[in-house]
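Novice: This is my_file-v8.tsv, which holds TSV, C-alpha atoms and all ligand atoms:
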```
chain	number	residue	atom	x	y	z
C	1	MET	CA	-52.62	-160.74	157.44
C	2	THR	CA	-55.64	-160.75	159.72
C	3	ARG	CA	-57.22	-157.93	161.66
C	4	ILE	CA	-59.79	-157.99	164.46
C	5	LEU	CA	-62.62	-155.55	164.06
C	6	THR	CA	-64.60	-154.85	167.21
C	7	ILE	CA	-68.30	-154.31	166.53
C	8	GLN	CA	-70.29	-154.65	169.79
C	9	ARG	CA	-73.79	-154.40	168.38
C	10	ASP	CA	-76.97	-156.05	169.70
C	11	LEU	CA	-78.70	-157.65	166.73
C	12	HIS	CA	-81.93	-157.45	168.71
C	13	ALA	CA	-81.74	-153.71	169.23
C	14	PRO	CA	-83.82	-152.64	166.19
C	15	ALA	CA	-86.58	-155.11	167.12
C	16	ARG	CA	-86.53	-153.96	170.75
C	17	LEU	CA	-86.82	-150.32	169.74
C	18	ALA	CA	-89.73	-151.08	167.42
C	19	ALA	CA	-91.50	-153.00	170.22
C	20	ASP	CA	-91.08	-150.08	172.62
C	21	GLU	CA	-92.52	-147.70	170.03
C	22	PHE	CA	-95.53	-149.93	169.41
C	23	ARG	CA	-96.10	-150.29	173.17
C	24	ALA	CA	-96.02	-146.53	173.67
C	25	ALA	CA	-98.25	-145.83	170.66
C	26	LEU	CA	-100.95	-148.21	171.87
C	27	ALA	CA	-100.72	-146.95	175.46
C	28	ALA	CA	-101.32	-143.43	174.14
C	29	ARG	CA	-104.52	-144.69	172.50
C	30	GLY	CA	-105.65	-146.28	175.75
C	31	THR	CA	-105.12	-149.85	174.54
C	32	LEU	CA	-103.60	-152.51	176.76
C	33	VAL	CA	-101.74	-155.04	174.62
C	34	VAL	CA	-101.86	-158.59	176.00
C	35	ASN	CA	-99.59	-161.33	174.66
C	36	LEU	CA	-101.21	-164.71	175.38
C	37	PHE	CA	-99.07	-167.78	174.98
C	38	SER	CA	-99.13	-171.44	175.87
C	39	SER	CA	-98.71	-174.94	174.50
C	40	PRO	CA	-101.05	-175.84	171.62
C	41	GLY	CA	-104.62	-176.39	172.73
C	42	SER	CA	-104.39	-175.07	176.28
C	43	GLY	CA	-107.49	-172.96	175.71
C	44	LYS	CA	-106.35	-169.50	174.57
C	45	THR	CA	-109.08	-168.99	171.98
C	46	SER	CA	-111.72	-170.40	174.34
C	47	LEU	CA	-110.55	-167.98	177.04
C	48	LEU	CA	-110.93	-165.02	174.68
C	49	VAL	CA	-114.44	-166.13	173.69
C	50	ALA	CA	-115.33	-166.48	177.39
C	51	LEU	CA	-114.00	-162.97	178.11
C	52	ALA	CA	-116.05	-161.52	175.26
C	53	GLN	CA	-119.16	-163.28	176.55
C	54	HIS	CA	-118.46	-161.95	180.02
C	55	TRP	CA	-118.02	-158.35	178.87
C	56	GLN	CA	-120.98	-158.40	176.49
C	57	GLY	CA	-119.54	-155.42	174.62
C	58	ALA	CA	-118.98	-153.35	177.80
C	59	ARG	CA	-115.26	-153.43	176.96
C	60	SER	CA	-113.88	-153.14	173.47
C	61	ALA	CA	-111.34	-155.76	172.50
C	62	GLY	CA	-109.74	-157.03	169.33
C	63	VAL	CA	-107.70	-160.14	168.67
C	64	LEU	CA	-104.72	-160.90	166.49
C	65	VAL	CA	-104.48	-164.64	166.41
C	66	GLY	CA	-101.35	-166.42	165.27
C	67	ASP	CA	-101.30	-169.91	163.86
C	68	ILE	CA	-98.98	-171.84	161.60
C	69	ALA	CA	-101.87	-172.62	159.26
C	70	THR	CA	-105.64	-172.01	158.74
C	71	ASN	CA	-108.03	-169.19	159.66
C	72	ARG	CA	-109.94	-171.39	162.06
C	73	ASP	CA	-109.27	-169.45	165.26
C	74	ALA	CA	-110.20	-166.12	163.67
C	75	GLU	CA	-113.41	-167.71	162.39
C	76	ARG	CA	-114.20	-169.01	165.89
C	77	LEU	CA	-113.58	-165.58	167.37
C	78	ALA	CA	-115.38	-163.53	164.71
C	79	PRO	CA	-118.91	-163.87	166.18
C	80	HIS	CA	-117.58	-162.47	169.48
C	81	LEU	CA	-114.71	-160.07	168.77
C	82	PRO	CA	-113.06	-158.38	165.79
C	83	ALA	CA	-110.25	-160.76	164.90
C	84	VAL	CA	-107.49	-160.94	162.34
C	85	GLN	CA	-105.71	-164.19	161.63
C	86	LEU	CA	-101.94	-164.06	161.37
C	87	THR	CA	-100.61	-167.14	159.62
C	88	THR	CA	-96.89	-167.61	160.08
C	89	GLY	CA	-96.48	-170.26	157.37
C	90	GLY	CA	-94.42	-172.52	159.59
C	91	ALA	CA	-92.78	-170.09	162.00
C	92	CYS	CA	-93.06	-171.15	165.62
C	93	HIS	CA	-93.85	-167.74	167.11
C	94	LEU	CA	-95.21	-164.32	166.15
C	95	GLU	CA	-92.93	-161.43	165.27
C	96	LEU	CA	-93.67	-157.78	165.84
C	97	ALA	CA	-93.87	-156.89	162.13
C	98	LEU	CA	-96.72	-159.38	161.70
C	99	VAL	CA	-98.49	-158.00	164.76
C	100	GLN	CA	-98.18	-154.44	163.44
C	101	ARG	CA	-99.63	-155.48	160.08
C	102	GLY	CA	-102.46	-157.30	161.85
C	103	TRP	CA	-103.24	-154.27	163.95
C	104	GLN	CA	-103.47	-152.11	160.81
C	105	ALA	CA	-105.81	-154.70	159.27
C	106	LEU	CA	-107.97	-154.74	162.39
C	107	ASP	CA	-108.53	-151.03	161.79
C	108	THR	CA	-110.04	-150.29	165.21
C	109	PRO	CA	-107.82	-147.53	166.58
C	110	ALA	CA	-109.24	-147.09	170.08
C	111	LEU	CA	-109.66	-150.51	171.66
C	112	ASP	CA	-109.55	-151.11	175.41
C	113	PHE	CA	-107.67	-154.37	174.83
C	114	LEU	CA	-105.64	-155.78	172.00
C	115	PHE	CA	-105.10	-159.50	172.56
C	116	VAL	CA	-102.35	-161.22	170.66
C	117	GLU	CA	-102.88	-164.97	170.73
C	118	ASN	CA	-99.46	-166.40	169.98
C	119	VAL	CA	-98.78	-169.60	168.07
C	120	GLY	CA	-99.24	-172.60	170.37
C	121	ASN	CA	-95.68	-173.12	171.66
C	122	LEU	CA	-94.35	-172.84	175.20
C	123	ILE	CA	-90.75	-172.19	174.16
C	124	CYS	CA	-90.08	-169.77	171.30
C	125	PRO	CA	-92.57	-166.96	172.09
C	126	ALA	CA	-90.91	-166.46	175.49
C	127	ALA	CA	-88.01	-164.58	173.94
C	128	HIS	CA	-90.01	-162.39	171.57
C	129	ASP	CA	-91.27	-159.00	172.59
C	130	LEU	CA	-94.39	-158.17	170.62
C	131	GLY	CA	-94.78	-154.71	172.09
C	132	GLU	CA	-97.16	-156.03	174.76
C	133	HIS	CA	-97.86	-154.42	178.13
C	134	LEU	CA	-98.84	-157.67	179.74
C	135	ARG	CA	-97.62	-161.18	179.07
C	136	VAL	CA	-99.95	-163.97	180.09
C	137	VAL	CA	-98.93	-167.61	180.02
C	138	VAL	CA	-101.77	-170.15	179.94
C	139	LEU	CA	-101.32	-173.62	181.44
C	140	SER	CA	-104.15	-176.14	181.22
C	141	THR	CA	-104.81	-178.77	183.83
C	142	THR	CA	-104.39	-181.54	181.23
C	143	GLU	CA	-100.74	-180.63	180.55
C	144	GLY	CA	-99.38	-181.63	183.95
C	145	ASP	CA	-98.34	-179.45	186.87
C	146	ASP	CA	-94.62	-179.96	186.15
C	147	LYS	CA	-94.60	-177.60	183.15
C	148	PRO	CA	-93.43	-174.43	184.97
C	149	ALA	CA	-90.28	-176.22	186.12
C	150	LYS	CA	-89.71	-177.80	182.70
C	151	TYR	CA	-90.33	-174.67	180.61
C	152	PRO	CA	-88.99	-171.97	182.95
C	153	LYS	CA	-88.49	-169.23	180.35
C	154	ALA	CA	-92.21	-169.00	179.64
C	155	PHE	CA	-92.98	-168.35	183.28
C	156	THR	CA	-90.03	-166.18	184.24
C	157	THR	CA	-90.87	-163.67	181.49
C	158	SER	CA	-94.63	-163.45	182.19
C	159	GLN	CA	-96.67	-161.31	184.58
C	160	ALA	CA	-99.76	-163.48	184.83
C	161	LEU	CA	-100.47	-167.20	184.82
C	162	VAL	CA	-103.86	-168.49	183.76
C	163	ILE	CA	-104.55	-172.06	184.83
C	164	SER	CA	-107.20	-173.17	182.38
C	165	LYS	CA	-109.72	-176.04	182.20
C	166	ILE	CA	-110.15	-176.21	185.97
C	167	ASP	CA	-113.48	-177.97	185.37
C	168	LEU	CA	-111.31	-181.03	184.56
C	169	LEU	CA	-109.48	-181.00	187.92
C	170	PRO	CA	-111.50	-183.93	189.29
C	171	LEU	CA	-110.39	-186.03	186.30
C	172	VAL	CA	-106.70	-185.26	185.98
C	173	PRO	CA	-103.74	-185.52	188.36
C	174	PHE	CA	-102.94	-181.80	188.43
C	175	SER	CA	-102.11	-179.86	191.57
C	176	VAL	CA	-102.81	-176.14	191.18
C	177	ALA	CA	-100.75	-175.48	194.32
C	178	ALA	CA	-97.72	-177.35	192.93
C	179	ALA	CA	-97.88	-175.56	189.57
C	180	VAL	CA	-98.23	-172.16	191.26
C	181	GLN	CA	-95.41	-172.92	193.66
C	182	ASP	CA	-93.00	-173.82	190.83
C	183	ALA	CA	-94.11	-170.88	188.70
C	184	THR	CA	-93.78	-168.29	191.47
C	185	ALA	CA	-90.39	-169.70	192.45
C	186	LEU	CA	-89.32	-168.53	189.00
C	187	GLN	CA	-91.25	-165.26	188.93
C	188	PRO	CA	-92.56	-164.19	192.37
C	189	LEU	CA	-94.61	-161.35	190.86
C	190	LEU	CA	-96.68	-163.76	188.75
C	191	THR	CA	-100.39	-163.47	189.55
C	192	THR	CA	-102.41	-166.65	189.14
C	193	TRP	CA	-105.88	-166.95	187.63
C	194	PRO	CA	-107.56	-170.36	187.69
C	195	VAL	CA	-110.34	-170.40	185.08
C	196	SER	CA	-112.68	-172.62	183.14
C	197	ALA	CA	-113.87	-171.33	179.79
C	198	GLN	CA	-116.34	-174.22	179.84
C	199	SER	CA	-118.12	-173.40	183.12
C	200	GLY	CA	-117.18	-169.71	183.28
C	201	ALA	CA	-115.49	-170.13	186.67
C	202	GLY	CA	-112.80	-167.50	187.32
C	203	ILE	CA	-113.49	-165.58	184.10
C	204	ALA	CA	-114.94	-162.53	185.90
C	205	GLU	CA	-111.92	-162.35	188.22
C	206	PHE	CA	-109.47	-162.55	185.34
C	207	ALA	CA	-111.48	-159.94	183.40
C	208	ASP	CA	-111.33	-157.59	186.39
C	209	TYR	CA	-107.58	-158.13	186.63
C	210	LEU	CA	-107.19	-157.14	182.97
C	211	CYS	CA	-109.24	-153.99	183.61
C	212	ALA	CA	-107.06	-153.15	186.61
C	213	CYS	CA	-103.92	-153.57	184.48
C	214	ARG	CA	-105.40	-151.26	181.87
C	215	ALA	CA	-106.35	-148.66	184.49
C	216	GLN	CA	-102.79	-148.72	185.77
C	217	LEU	CA	-101.41	-148.31	182.26
C	218	LEU	CA	-103.67	-145.30	181.70
C	219	ARG	CA	-102.50	-143.73	184.97
C	220	GLU	CA	-98.85	-144.29	184.07
C	221	THR	CA	-99.38	-142.92	180.56
C	222	SER	CA	-101.10	-139.76	181.77
C	223	HIS	CA	-98.36	-139.25	184.39
C	224	ALA	CA	-95.73	-139.60	181.70
C	225	ARG	CA	-97.54	-136.96	179.65
C	226	ALA	CA	-98.06	-134.53	182.52
B	1	MET	CA	-86.35	-173.35	164.12
B	2	HIS	CA	-86.50	-169.54	164.00
B	3	GLU	CA	-82.76	-168.85	163.78
B	4	LEU	CA	-82.78	-168.45	159.98
B	5	SER	CA	-84.11	-164.91	159.97
B	6	ILE	CA	-81.67	-163.55	162.57
B	7	VAL	CA	-78.74	-165.28	160.84
B	8	ARG	CA	-79.84	-163.65	157.57
B	9	THR	CA	-79.68	-160.28	159.35
B	10	LEU	CA	-76.26	-161.18	160.73
B	11	LEU	CA	-74.88	-162.18	157.32
B	12	ARG	CA	-76.19	-158.98	155.75
B	13	GLU	CA	-74.54	-156.83	158.43
B	14	VAL	CA	-71.23	-158.64	158.25
B	15	GLU	CA	-71.19	-158.57	154.44
B	16	LEU	CA	-71.63	-154.80	154.49
B	17	ILE	CA	-68.80	-154.39	156.97
B	18	ALA	CA	-66.50	-156.73	155.05
B	19	ALA	CA	-67.20	-154.90	151.79
B	20	ALA	CA	-66.48	-151.54	153.41
B	21	GLU	CA	-63.29	-152.83	155.03
B	22	LEU	CA	-62.14	-154.65	151.88
B	23	GLY	CA	-61.47	-157.91	153.70
B	24	ASP	CA	-62.55	-161.52	153.69
B	25	VAL	CA	-64.17	-162.67	156.89
B	26	VAL	CA	-62.31	-165.38	158.75
B	27	GLU	CA	-64.29	-165.42	162.00
B	28	ILE	CA	-67.52	-163.97	163.31
B	29	HIS	CA	-67.76	-163.74	167.09
B	30	LEU	CA	-71.29	-163.78	168.42
B	31	GLY	CA	-72.41	-163.44	172.05
B	32	CYS	CA	-75.57	-165.46	172.62
B	33	GLY	CA	-77.65	-164.65	175.70
B	34	GLU	CA	-79.10	-167.51	177.71
B	35	LEU	CA	-82.51	-165.87	177.35
B	36	SER	CA	-82.02	-164.49	173.83
B	37	GLY	CA	-84.36	-167.08	172.39
B	38	TYR	CA	-81.61	-168.42	170.14
B	39	GLU	CA	-79.84	-171.72	170.56
B	40	PRO	CA	-76.13	-171.85	169.61
B	41	GLU	CA	-76.60	-175.20	167.89
B	42	CYS	CA	-79.46	-173.85	165.75
B	43	LEU	CA	-77.50	-170.69	164.95
B	44	ARG	CA	-74.64	-172.83	163.66
B	45	THR	CA	-77.00	-174.93	161.54
B	46	ALA	CA	-78.67	-171.85	160.09
B	47	PHE	CA	-75.29	-170.27	159.40
B	48	ALA	CA	-74.03	-173.34	157.54
B	49	GLN	CA	-77.23	-173.37	155.52
B	50	LEU	CA	-77.09	-169.69	154.52
B	51	GLN	CA	-73.36	-169.22	154.04
B	52	GLY	CA	-72.77	-168.61	150.32
B	53	PRO	CA	-69.97	-167.55	148.03
B	54	GLY	CA	-68.34	-164.16	148.63
B	55	ARG	CA	-66.46	-162.52	151.45
B	56	LEU	CA	-68.08	-164.81	154.06
B	57	GLU	CA	-67.52	-168.05	152.19
B	58	TYR	CA	-64.86	-169.38	154.57
B	59	ALA	CA	-65.96	-167.56	157.72
B	60	ARG	CA	-66.22	-169.53	160.93
B	61	LEU	CA	-68.99	-168.69	163.41
B	62	VAL	CA	-67.71	-168.59	167.00
B	63	ILE	CA	-70.44	-168.41	169.64
B	64	HIS	CA	-69.79	-167.23	173.20
B	65	PRO	CA	-72.62	-167.96	175.62
B	66	ILE	CA	-73.72	-164.97	177.75
B	67	PRO	CA	-75.16	-166.13	181.09
B	68	LEU	CA	-78.30	-164.47	182.36
B	69	ALA	CA	-77.67	-161.66	184.87
B	70	ALA	CA	-80.28	-159.76	186.88
B	71	VAL	CA	-80.20	-156.59	188.95
B	72	CYS	CA	-82.26	-156.11	192.11
B	73	GLU	CA	-84.27	-152.89	192.19
B	74	GLN	CA	-84.33	-153.04	196.00
B	75	CYS	CA	-80.69	-153.58	197.01
B	76	SER	CA	-79.03	-152.93	193.60
B	77	GLY	CA	-77.22	-156.27	193.86
B	78	GLU	CA	-76.39	-158.13	190.68
B	79	PHE	CA	-76.84	-161.88	190.46
B	80	GLU	CA	-77.06	-164.81	188.06
B	81	PRO	CA	-80.55	-166.27	188.40
B	82	ALA	CA	-80.16	-169.95	189.15
B	83	ASP	CA	-82.56	-171.97	186.96
B	84	PHE	CA	-84.19	-168.72	185.75
B	85	ARG	CA	-85.43	-167.80	189.25
B	86	ARG	CA	-85.69	-164.05	189.30
B	87	ALA	CA	-86.08	-163.18	193.00
B	88	CYS	CA	-83.03	-161.51	194.55
B	89	PRO	CA	-80.96	-164.08	196.48
B	90	GLN	CA	-79.48	-161.32	198.69
B	91	CYS	CA	-82.57	-159.49	199.96
B	92	GLY	CA	-85.40	-161.65	198.60
B	93	SER	CA	-87.02	-158.85	196.62
B	94	PRO	CA	-89.11	-159.98	193.63
B	95	HIS	CA	-88.47	-156.65	191.88
B	96	THR	CA	-85.58	-157.41	189.58
B	97	HIS	CA	-84.81	-156.99	185.92
B	98	PHE	CA	-82.53	-158.79	183.50
B	99	ALA	CA	-79.41	-156.77	182.83
B	100	ARG	CA	-77.66	-159.28	180.57
B	101	GLY	CA	-78.41	-162.49	178.78
B	102	THR	CA	-81.35	-161.45	176.59
B	103	GLU	CA	-79.18	-160.15	173.77
B	104	LEU	CA	-77.65	-161.54	170.61
B	105	TRP	CA	-74.47	-159.60	170.40
B	106	LEU	CA	-72.26	-159.18	167.35
B	107	GLU	CA	-68.95	-158.84	169.18
B	108	SER	CA	-66.28	-158.75	166.53
B	109	ILE	CA	-65.16	-160.09	163.20
B	110	VAL	CA	-61.74	-161.20	162.10
B	111	LEU	CA	-60.77	-160.06	158.62
B	112	ASP	CA	-58.15	-161.39	156.22
B	113	GLU	CA	-56.81	-158.51	154.19
B	114	THR	CA	-54.55	-160.41	151.81
B	115	ARG	CA	-57.09	-160.11	148.97
B	116	LYS	CA	-57.44	-156.40	149.64
B	117	ALA	CA	-55.27	-155.37	146.70
B	118	THR	CA	-56.78	-157.76	144.17
B	119	VAL	CA	-60.51	-157.66	144.97
B	120	PRO	CA	-62.30	-154.35	144.48
Q	1	LIG	N1	-113.06	-179.01	179.53
Q	1	LIG	C1	-112.61	-177.87	179.02
Q	1	LIG	N2	-112.17	-177.82	177.77
Q	1	LIG	C2	-111.71	-176.65	177.29
Q	1	LIG	C3	-111.67	-175.48	178.08
Q	1	LIG	N3	-111.14	-174.48	177.34
Q	1	LIG	C4	-110.87	-175.02	176.13
Q	1	LIG	N4	-111.21	-176.32	176.09
Q	1	LIG	C5	-111.06	-177.23	174.96
Q	1	LIG	O1	-109.68	-177.40	174.66
Q	1	LIG	C6	-109.48	-177.50	173.27
Q	1	LIG	C7	-108.48	-176.45	172.81
Q	1	LIG	O2	-109.02	-175.15	173.07
Q	1	LIG	P1	-108.60	-173.88	172.25
Q	1	LIG	O3	-109.33	-172.73	172.81
Q	1	LIG	O4	-108.71	-174.13	170.80
Q	1	LIG	O5	-107.05	-173.80	172.63
Q	1	LIG	P2	-105.92	-172.86	172.01
Q	1	LIG	O6	-104.93	-172.66	173.08
Q	1	LIG	O7	-106.53	-171.65	171.40
Q	1	LIG	O8	-105.32	-173.80	170.86
Q	1	LIG	P3	-104.26	-173.40	169.72
Q	1	LIG	O9	-104.63	-172.05	169.23
Q	1	LIG	O10	-104.46	-174.46	168.69
Q	1	LIG	O11	-102.92	-173.47	170.37
Q	1	LIG	C8	-110.85	-177.35	172.62
Q	1	LIG	O12	-111.35	-178.61	172.33
Q	1	LIG	C9	-111.66	-176.67	173.70
Q	1	LIG	O13	-113.02	-176.97	173.63
Q	1	LIG	C10	-112.18	-175.56	179.42
Q	1	LIG	O14	-112.18	-174.59	180.20
Q	1	LIG	N5	-112.61	-176.77	179.84
Q	2	MG	MG	-106.26	-170.85	169.51
Q	3	ZN	ZN	-81.94	-157.43	196.48
```
Could you quickly redo this structure as structure tokens?
Specialist:
Amino acid sequence: MTRILTIQRDLHAPARLAADEFRAALAARGTLVVNLFSSPGSGKTSLLVALAQHWQGARSAGVLVGDIATNRDAERLAPHLPAVQLTTGGACHLELALVQRGWQALDTPALDFLFVENVGNLICPAAHDLGEHLRVVVLSTTEGDDKPAKYPKAFTTSQALVISKIDLLPLVPFSVAAAVQDATALQPLLTTWPVSAQSGAGIAEFADYLCACRAQLLRETSHARA
Amino acid sequence: MHELSIVRTLLREVELIAAAELGDVVEIHLGCGELSGYEPECLRTAFAQLQGPGRLEYARLVIHPIPLAAVCEQCSGEFEPADFRRACPQCGSPHTHFARGTELWLESIVLDETRKATVP
């Protein structure tokens, strides 16, 4: 004899709740959490170094950097920003529990910005909420301008698009306009930031955007408290 | 493949239910959102890999795809975003949110209770 048992439970719900709690806790401390993701090698670490050089300590920021193996990115970042390496041991994206542990290890409770550099992968991180306030997808000019259309989930779930390595535009067949058009067809609210970590072009503008996002978060948080 | 960890969670949940209900699991019905981050094919592979002896030994995993659905914050219309495009097709507003299709939903399980009397 068989019997149907109705359950109706979202297996994601515990993770979603934990992400919301982390988001609220960091907002209360005045920290904007930024989840940076992209294909491998699109220039995430270089972008963070360029931001640190731009701010020259005027803004406090820490980095949790995810990789499948090695501490190399944390070592690259260390001269510029406090950084903790999160090695996933094979997993293709970061999970919240790892981010929370990394944040504890960073041990800097009142940062302006907490950057989470995800594992290089344009697919899996799109569906994983790390408790971020802002999701930034990075697309480099060497990857081809067709990537927004081919990897729609990455773009439809993000708020900002950084087009990196624009110093290489004269050398590669990449149309910024075409990439932006495809990306904003998916997510019309996506703001676009063309940058070069190499030349420094666009870094100040992107840095100001991050500060504006943080200012808005602080306003919303104080409203919520009032 | 990142399906292993969520399937482990699934098996744990279903095992607890089956033990409490004193039944062997025949079917597990899972709703898989288009934007859940999980692929049905990978879920099946992970399930086959993790399925061990016990009340779930002969369980079959049945996956029902859940299409993505969004709600417009401007006109309150609901729509299925074509190719993941999130602007509202009715009024054009970019202010929309996903109402369905991001979840991995444990819908139901089918239990066989014939062993109920013999297995504690
Ligand atoms: N020409 C040029 N090269 C860049 C730029 N930014 C990064 N690169 C180079 O691109 C390569 C990858 O940069 P990373 O910063 O390591 O990229 P990433 O996204 O952090 O890489 P993973 O963490 O491995 O996914 C390095 O060789 C960088 O020097 C840029 O603006 N212009
Ligand atoms: Mg890196
Ligand atoms: Zn509308």
Novice: Residues within 12 Å of ligand ZN 3 (chain Q) (all atoms listed in the file), as a short mmCIF file (atom, residue, chain, number, x, y, z; two decimals) with C-alpha atoms, keeping the file's coordinate frame?
Specialist:
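Writing done, so here's selection-v4.cif:
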```cif
data_model
loop_
_atom_site.label_atom_id
_atom_site.label_comp_id
_atom_site.auth_asym_id
_atom_site.auth_seq_id
_atom_site.Cartn_x
_atom_site.Cartn_y
_atom_site.Cartn_z
CA ALA B 70 -80.28 -159.76 186.88
CA VAL B 71 -80.20 -156.59 188.95
CA CYS B 72 -82.26 -156.11 192.11
CA GLU B 73 -84.27 -152.89 192.19
CA GLN B 74 -84.33 -153.04 196.00
CA CYS B 75 -80.69 -153.58 197.01
CA SER B 76 -79.03 -152.93 193.60
CA GLY B 77 -77.22 -156.27 193.86
CA GLU B 78 -76.39 -158.13 190.68
CA PHE B 79 -76.84 -161.88 190.46
CA ARG B 86 -85.69 -164.05 189.30
CA ALA B 87 -86.08 -163.18 193.00
CA CYS B 88 -83.03 -161.51 194.55
CA PRO B 89 -80.96 -164.08 196.48
CA GLN B 90 -79.48 -161.32 198.69
CA CYS B 91 -82.57 -159.49 199.96
CA GLY B 92 -85.40 -161.65 198.60
CA SER B 93 -87.02 -158.85 196.62
CA PRO B 94 -89.11 -159.98 193.63
CA HIS B 95 -88.47 -156.65 191.88
CA THR B 96 -85.58 -157.41 189.58
CA HIS B 97 -84.81 -156.99 185.92
#
```
Novice: Select residues of chain B: the criterion is any atom within 8 Å of an atom of chain C, counting all atoms listed in the file; output as JSON, numbers by chain.
Specialist: {"B": [1, 2, 6, 9, 10, 35, 36, 37, 83, 84, 85, 86, 87, 94, 95, 102, 103, 104, 105, 106, 107, 108, 109, 110, 111, 112, 113, 114]}
Novice: Could you please extract the residues within 7 Å of ligand LIG 1 (chain Q), counting all atoms listed in the file, and hand them back as a PyMOL selection string?
Specialist: chain C and resi 38-47+67+73+119-120+164-168+195-199
Novice: In Å, rounded to a single decimal, give me how far CA of Leu77 (chain C) is from CA of Pro194 (chain C).
Specialist: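 Atom-to-atom, CA of Pro194 (chain C) and CA of Leu77 (chain C) are spaced 21.7 Å apart.
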Novice: Select, from C:Arg101, C:Arg135, C:Arg59, C:Arg72, the residue with the minimum atom-to-atom distance to ligand MG 2 (chain Q), counting all atoms listed in the file.
Specialist: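 Looking only at the distances to ligand MG 2 (chain Q), the closest residue turns out to be C:Arg72.
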Novice: Could you tell me which of C:Thr142, C:Thr87, C:Thr191, C:Thr221 comes closest to ligand MG 2 (chain Q) if we count all atoms listed in the file?
Specialist: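 Closest residue, counting all atoms listed in the file: C:Thr87.
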Novice: For CA of Ala224 (chain C) and CA of Asp129 (chain C), quote the distance in Å rounded to one decimal.
Specialist: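 For CA of Ala224 (chain C) relative to CA of Asp129 (chain C), the distance reads 21.9 Å.
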Novice: Would you compute the distance between CA of Leu43 (chain B) and CA of Val25 (chain B)? Give it in Å to one decimal.
Specialist: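 Between CA of Leu43 (chain B) and CA of Val25 (chain B) the gap works out to 17.5 Å.
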Novice: Closest to Gly57 (chain C) among C:Ala201, C:Leu17, C:Ala154, C:Leu111, using only C-alpha atoms?
Specialist: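 Using only C-alpha atoms, the shortest distance to Gly57 (chain C) belongs to C:Leu111.
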Novice: Just checking: using only C-alpha atoms and all ligand atoms, which residue out of C:Arg16, C:Arg23, C:Arg29, C:Arg76 ends up closest to ligand MG 2 (chain Q)?
Specialist: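 Checking each of C:Arg16, C:Arg23, C:Arg29, C:Arg76 against ligand MG 2 (chain Q), counting only C-alpha atoms and all ligand atoms, the winner is C:Arg76.
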Novice: So, counting all atoms listed in the file, which residue among C:Ala19, C:Asn71, C:Ala28, C:Ala52 is closest to ligand MG 2 (chain Q)?
Specialist: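 Distance minimum relative to ligand MG 2 (chain Q) lands on C:Asn71.
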Novice: I'd like the neighbourhood of Gly101 (chain B) as a PDB file with C-alpha atoms, keeping the file's coordinate frame, where a residue qualifies if any of its atoms comes within 10 Å (using only C-alpha atoms), though same-chain residues fewer than 5 positions away should be ignored.
Specialist:
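For reference, selection21.pdb as written:
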```pdb
ATOM      1  CA  GLY B  31     -72.410-163.440 172.050  1.00  0.00           C
ATOM      2  CA  CYS B  32     -75.570-165.460 172.620  1.00  0.00           C
ATOM      3  CA  GLY B  33     -77.650-164.650 175.700  1.00  0.00           C
ATOM      4  CA  GLU B  34     -79.100-167.510 177.710  1.00  0.00           C
ATOM      5  CA  LEU B  35     -82.510-165.870 177.350  1.00  0.00           C
ATOM      6  CA  SER B  36     -82.020-164.490 173.830  1.00  0.00           C
ATOM      7  CA  GLY B  37     -84.360-167.080 172.390  1.00  0.00           C
ATOM      8  CA  PRO B  65     -72.620-167.960 175.620  1.00  0.00           C
ATOM      9  CA  ILE B  66     -73.720-164.970 177.750  1.00  0.00           C
ATOM     10  CA  PRO B  67     -75.160-166.130 181.090  1.00  0.00           C
ATOM     11  CA  LEU B  68     -78.300-164.470 182.360  1.00  0.00           C
ATOM     12  CA  ALA B  69     -77.670-161.660 184.870  1.00  0.00           C
ATOM     13  CA  ALA B  70     -80.280-159.760 186.880  1.00  0.00           C
ATOM     14  CA  GLU B  80     -77.060-164.810 188.060  1.00  0.00           C
TER      15      GLU B  80
END
```
Novice: So which one's closest to ligand MG 2 (chain Q), C:Thr88, C:Ser158, C:Asn118, C:Gln100? Using only C-alpha atoms and all ligand atoms, please.
Specialist: C:Asn118
Novice: Which residues come within 12 Å of Ala24 (chain C), counting all atoms listed in the file, excluding same-chain residues fewer than 4 positions away, as a VMD selection string?
Specialist: chain C and resid 17 to 20 28 to 33 131 to 133 217 to 218 220 to 222 224 to 225
Novice: Mind checking which residues fall within 8 Å of Leu130 (chain C), counting all atoms listed in the file, ignoring those fewer than 5 positions away in the same chain, and posting them as a PyMOL selection string?
Specialist: chain C and resi 19+35+94-96+99
Novice: Those residues you just picked out, can you put them in a file as a short mmCIF file (atom, residue, chain, number, x, y, z; two decimals), in the frame of the given file with C-alpha atoms?
Specialist:
```cif
data_model
loop_
_atom_site.label_atom_id
_atom_site.label_comp_id
_atom_site.auth_asym_id
_atom_site.auth_seq_id
_atom_site.Cartn_x
_atom_site.Cartn_y
_atom_site.Cartn_z
CA ALA C 19 -91.50 -153.00 170.22
CA ASN C 35 -99.59 -161.33 174.66
CA LEU C 94 -95.21 -164.32 166.15
CA GLU C 95 -92.93 -161.43 165.27
CA LEU C 96 -93.67 -157.78 165.84
CA VAL C 99 -98.49 -158.00 164.76
#
```
Novice: Tell me, as a list in words, which residues lie within 6 Å of Val137 (chain C), counting all atoms listed in the file; anything in the same chain fewer than 4 positions away does not count.
Specialist: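 Residues meeting the cut-off are Leu36, Phe37, Ser38 and Leu161 of chain C.
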Novice: Go ahead and write the selection's residues with C-alpha atoms as a PDB file, in the frame of the given file.
Specialist:
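For reference, result-v9.pdb as written:
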```pdb
ATOM      1  CA  LEU C  36    -101.210-164.710 175.380  1.00  0.00           C
ATOM      2  CA  PHE C  37     -99.070-167.780 174.980  1.00  0.00           C
ATOM      3  CA  SER C  38     -99.130-171.440 175.870  1.00  0.00           C
ATOM      4  CA  LEU C 161    -100.470-167.200 184.820  1.00  0.00           C
TER       5      LEU C 161
END
```
